[in-house]
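Chemist: Structure file run-v9.cif, mmCIF, C-alpha atoms and all ligand atoms; chains and numbers go by the auth columns, is pasted below:
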```
data_protein
#
loop_
_atom_site.group_PDB
_atom_site.id
_atom_site.type_symbol
_atom_site.label_atom_id
_atom_site.label_comp_id
_atom_site.label_asym_id
_atom_site.label_seq_id
_atom_site.Cartn_x
_atom_site.Cartn_y
_atom_site.Cartn_z
_atom_site.B_iso_or_equiv
_atom_site.auth_seq_id
_atom_site.auth_asym_id
ATOM 1 C CA MET A 1 251.662 -2.541 213.473 0.00 1 A
ATOM 2 C CA VAL A 2 253.277 -5.563 215.082 0.00 2 A
ATOM 3 C CA LEU A 3 256.262 -7.629 213.943 0.00 3 A
ATOM 4 C CA ARG A 4 257.160 -11.028 215.346 0.00 4 A
ATOM 5 C CA PRO A 5 259.811 -10.507 218.058 0.00 5 A
ATOM 6 C CA GLU A 6 262.496 -12.313 216.049 0.00 6 A
ATOM 7 C CA TRP A 7 261.942 -9.955 213.091 0.00 7 A
ATOM 8 C CA ARG A 8 262.321 -6.700 215.053 0.00 8 A
ATOM 9 C CA GLY A 9 265.285 -4.364 214.968 0.00 9 A
ATOM 10 C CA GLY A 10 266.480 -5.078 211.410 0.00 10 A
ATOM 11 C CA GLY A 11 264.729 -2.313 209.508 0.00 11 A
ATOM 12 C CA ARG A 12 261.573 -4.285 208.670 0.00 12 A
ATOM 13 C CA GLY A 13 259.307 -2.072 210.796 0.00 13 A
ATOM 14 C CA ARG A 14 260.413 1.058 208.950 0.00 14 A
ATOM 15 C CA ALA A 15 260.049 -0.709 205.587 0.00 15 A
ATOM 16 C CA VAL A 16 256.511 -1.909 206.419 0.00 16 A
ATOM 17 C CA LEU A 17 255.497 1.565 207.590 0.00 17 A
ATOM 18 C CA GLN A 18 256.865 3.194 204.440 0.00 18 A
ATOM 19 C CA ALA A 19 255.192 0.608 202.183 0.00 19 A
ATOM 20 C CA ALA A 20 251.824 1.024 203.931 0.00 20 A
ATOM 21 C CA VAL A 21 251.949 4.821 203.736 0.00 21 A
ATOM 22 C CA THR A 22 253.037 4.757 200.099 0.00 22 A
ATOM 23 C CA ARG A 23 250.104 2.474 199.293 0.00 23 A
ATOM 24 C CA ALA A 24 247.676 4.658 201.266 0.00 24 A
ATOM 25 C CA ASP A 25 248.807 7.639 199.224 0.00 25 A
ATOM 26 C CA ARG A 26 249.125 6.144 195.753 0.00 26 A
ATOM 27 C CA VAL A 27 246.331 3.574 195.781 0.00 27 A
ATOM 28 C CA HIS A 28 243.823 5.150 198.160 0.00 28 A
ATOM 29 C CA ASN A 29 244.640 8.869 197.822 0.00 29 A
ATOM 30 C CA ALA A 30 244.766 9.090 201.609 0.00 30 A
ATOM 31 C CA GLY A 31 246.124 12.635 201.759 0.00 31 A
ATOM 32 C CA ARG A 32 246.718 12.312 205.487 0.00 32 A
ATOM 33 C CA VAL A 33 247.977 9.549 207.726 0.00 33 A
ATOM 34 C CA TRP A 34 247.199 9.332 211.422 0.00 34 A
ATOM 35 C CA LEU A 35 248.949 6.974 213.798 0.00 35 A
ATOM 36 C CA ARG A 36 248.282 6.077 217.389 0.00 36 A
ATOM 37 C CA VAL A 37 250.872 4.811 219.835 0.00 37 A
ATOM 38 C CA LYS A 38 251.094 4.476 223.599 0.00 38 A
ATOM 39 C CA PRO A 39 253.282 7.216 225.154 0.00 39 A
ATOM 40 C CA GLN A 40 255.543 4.665 226.848 0.00 40 A
ATOM 41 C CA ASN A 41 256.310 2.891 223.551 0.00 41 A
ATOM 42 C CA ALA A 42 259.641 4.629 222.974 0.00 42 A
ATOM 43 C CA ARG A 43 260.693 2.396 220.079 0.00 43 A
ATOM 44 C CA GLU A 44 257.614 3.076 217.992 0.00 44 A
ATOM 45 C CA ARG A 45 257.552 6.787 218.818 0.00 45 A
ATOM 46 C CA LYS A 46 261.189 7.077 217.743 0.00 46 A
ATOM 47 C CA LEU A 47 260.371 5.347 214.455 0.00 47 A
ATOM 48 C CA PHE A 48 257.384 7.608 213.742 0.00 48 A
ATOM 49 C CA LEU A 49 259.245 10.796 214.648 0.00 49 A
ATOM 50 C CA SER A 50 262.202 9.824 212.450 0.00 50 A
ATOM 51 C CA GLU A 51 259.738 9.324 209.551 0.00 51 A
ATOM 52 C CA GLY A 52 258.549 12.918 209.909 0.00 52 A
ATOM 53 C CA TYR A 53 255.399 12.427 211.975 0.00 53 A
ATOM 54 C CA VAL A 54 254.554 15.141 214.500 0.00 54 A
ATOM 55 C CA GLU A 55 253.033 14.502 217.916 0.00 55 A
ATOM 56 C CA ASP A 56 249.540 15.933 217.857 0.00 56 A
ATOM 57 C CA HIS A 57 248.038 15.251 221.255 0.00 57 A
ATOM 58 C CA VAL A 58 248.060 12.963 224.277 0.00 58 A
ATOM 59 C CA GLU A 59 244.864 11.237 225.397 0.00 59 A
ATOM 60 C CA LYS A 60 243.930 10.229 228.876 0.00 60 A
ATOM 61 C CA THR A 61 242.167 6.868 229.021 0.00 61 A
ATOM 62 C CA PHE A 62 240.304 5.182 231.850 0.00 62 A
ATOM 63 C CA GLY A 63 239.855 1.539 232.730 0.00 63 A
ATOM 64 C CA THR A 64 241.839 -1.082 230.847 0.00 64 A
ATOM 65 C CA ALA A 65 242.118 0.730 227.473 0.00 65 A
HETATM 66 C C1 LIG B . 257.399 -1.194 216.469 0.00 1 B
HETATM 67 C C2 LIG B . 257.940 -2.213 215.460 0.00 1 B
HETATM 68 C C3 LIG B . 256.864 -2.502 214.412 0.00 1 B
HETATM 69 C C4 LIG B . 259.180 -1.617 214.780 0.00 1 B
HETATM 70 O O1 LIG B . 259.751 -2.570 213.903 0.00 1 B
HETATM 71 P P1 LIG B . 261.342 -2.844 213.906 0.00 1 B
HETATM 72 O O2 LIG B . 261.646 -3.754 212.763 0.00 1 B
HETATM 73 O O3 LIG B . 261.744 -3.301 215.261 0.00 1 B
HETATM 74 O O4 LIG B . 261.919 -1.388 213.643 0.00 1 B
HETATM 75 P P2 LIG B . 263.162 -1.020 212.706 0.00 1 B
HETATM 76 O O5 LIG B . 264.239 -2.029 212.847 0.00 1 B
HETATM 77 O O6 LIG B . 262.660 -0.700 211.334 0.00 1 B
HETATM 78 O O7 LIG B . 263.673 0.311 213.416 0.00 1 B
HETATM 79 C C5 LIG B . 263.001 1.539 213.155 0.00 1 B
HETATM 80 C C6 LIG B . 263.379 2.528 214.238 0.00 1 B
HETATM 81 O O8 LIG B . 262.794 2.157 215.476 0.00 1 B
HETATM 82 C C7 LIG B . 263.685 2.564 216.518 0.00 1 B
HETATM 83 N N1 LIG B . 264.132 1.376 217.237 0.00 1 B
HETATM 84 C C8 LIG B . 264.311 0.132 216.754 0.00 1 B
HETATM 85 N N2 LIG B . 264.701 -0.703 217.744 0.00 1 B
HETATM 86 C C9 LIG B . 264.767 0.066 218.863 0.00 1 B
HETATM 87 C C10 LIG B . 265.091 -0.207 220.233 0.00 1 B
HETATM 88 N N3 LIG B . 265.443 -1.438 220.650 0.00 1 B
HETATM 89 N N4 LIG B . 265.024 0.806 221.112 0.00 1 B
HETATM 90 C C11 LIG B . 264.652 2.051 220.721 0.00 1 B
HETATM 91 N N5 LIG B . 264.328 2.376 219.442 0.00 1 B
HETATM 92 C C12 LIG B . 264.397 1.378 218.536 0.00 1 B
HETATM 93 C C13 LIG B . 264.847 3.272 215.889 0.00 1 B
HETATM 94 O O9 LIG B . 264.529 4.647 215.762 0.00 1 B
HETATM 95 C C14 LIG B . 264.864 2.641 214.532 0.00 1 B
HETATM 96 O O10 LIG B . 265.487 3.429 213.578 0.00 1 B
HETATM 97 P P3 LIG B . 267.084 3.342 213.350 0.00 1 B
HETATM 98 O O11 LIG B . 267.443 1.900 213.275 0.00 1 B
HETATM 99 O O12 LIG B . 267.291 4.083 212.082 0.00 1 B
HETATM 100 O O13 LIG B . 267.676 4.011 214.554 0.00 1 B
HETATM 101 C C15 LIG B . 258.313 -3.534 216.175 0.00 1 B
HETATM 102 O O14 LIG B . 259.351 -3.288 217.084 0.00 1 B
HETATM 103 C C16 LIG B . 257.152 -4.177 216.897 0.00 1 B
HETATM 104 O O15 LIG B . 256.426 -4.981 216.322 0.00 1 B
HETATM 105 N N6 LIG B . 256.965 -3.835 218.195 0.00 1 B
HETATM 106 C C17 LIG B . 255.902 -4.398 219.016 0.00 1 B
HETATM 107 C C18 LIG B . 254.551 -3.913 218.643 0.00 1 B
HETATM 108 C C19 LIG B . 254.382 -2.428 218.815 0.00 1 B
HETATM 109 O O16 LIG B . 254.826 -1.837 219.787 0.00 1 B
HETATM 110 N N7 LIG B . 253.690 -1.855 217.842 0.00 1 B
HETATM 111 C C20 LIG B . 253.346 -0.444 217.846 0.00 1 B
HETATM 112 C C21 LIG B . 251.955 -0.223 218.354 0.00 1 B
HETATM 113 S S1 LIG B . 251.327 1.274 217.687 0.00 1 B
#
```
Using structure tokens, write down the structure from this file.
Modeler:
Amino acid sequence: MVLRPEWRGGGRGRAVLQAAVTRADRVHNAGRVWLRVKPQNARERKLFLSEGYVEDHVEKTFGTA
């Protein structure tokens, strides 16, 4: 999920996340939502945690991933 820099910080990110998850549930019967974020991305982690997501695990990657 990426917003243009000039659109960040005004509540749009939270609104987009909520709309996407609502659609996944109601339209696609998702049942479960899984998100991936880099550990150093404090802004996104704070958003996900405040929406009720729970940190599941941390992966170690090699190379440029
Ligand atoms: C991550 C992103 C989508 C969030 O969208 P946004 O519009 O900036 O977020 P919102 O304004 O809805 O804020 C949601 C929450 O994020 C957190 N947040 C927002 N700006 C923040 C900042 N500058 N520092 C720390 N946390 C911040 C807060 O918890 C905020 O909730 P609050 O306002 O109730 O405290 C957007 O910043 C973005 O596109 N970032 C770059 C791409 C990226 O990192 N994507 C994630 C990859 S998985």
Chemist: Residues within 9 Å of ligand LIG 1 (chain B) (only C-alpha atoms and all ligand atoms), as number ranges by chain?
Modeler: A: 1-5, 7-17, 35-38, 41-50
Chemist: If I take atom CA of A:Lys60 and atom CA of A:Arg32, how far is one from the other in Å, to one decimal?
Modeler: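 Distance reported for this atom pair: 23.6 Å.
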Chemist: Grab the atom CA of A:Glu59 to atom CA of A:Val33 distance for me, in Å with one decimal place.
Modeler: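 According to the coordinates, atom CA of A:Glu59 and atom CA of A:Val33 are separated by 18.0 Å.
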Chemist: Grab the atom CA of A:Gln18 to atom CA of A:Gly52 distance for me, in Å with one decimal place.
Modeler: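 Separation between atom CA of A:Gln18 and atom CA of A:Gly52: 11.3 Å.
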Chemist: Around all listed atoms of stretch 32-41 of chain A, padded 6 Å per side, what centre and edge lengths does the axis-aligned box have in Å to one decimal, as lines of an AutoDock Vina configuration file?
Modeler:
```
center_x = 251.5
center_y = 7.6
center_z = 216.2
size_x = 21.6
size_y = 21.4
size_z = 33.4
```
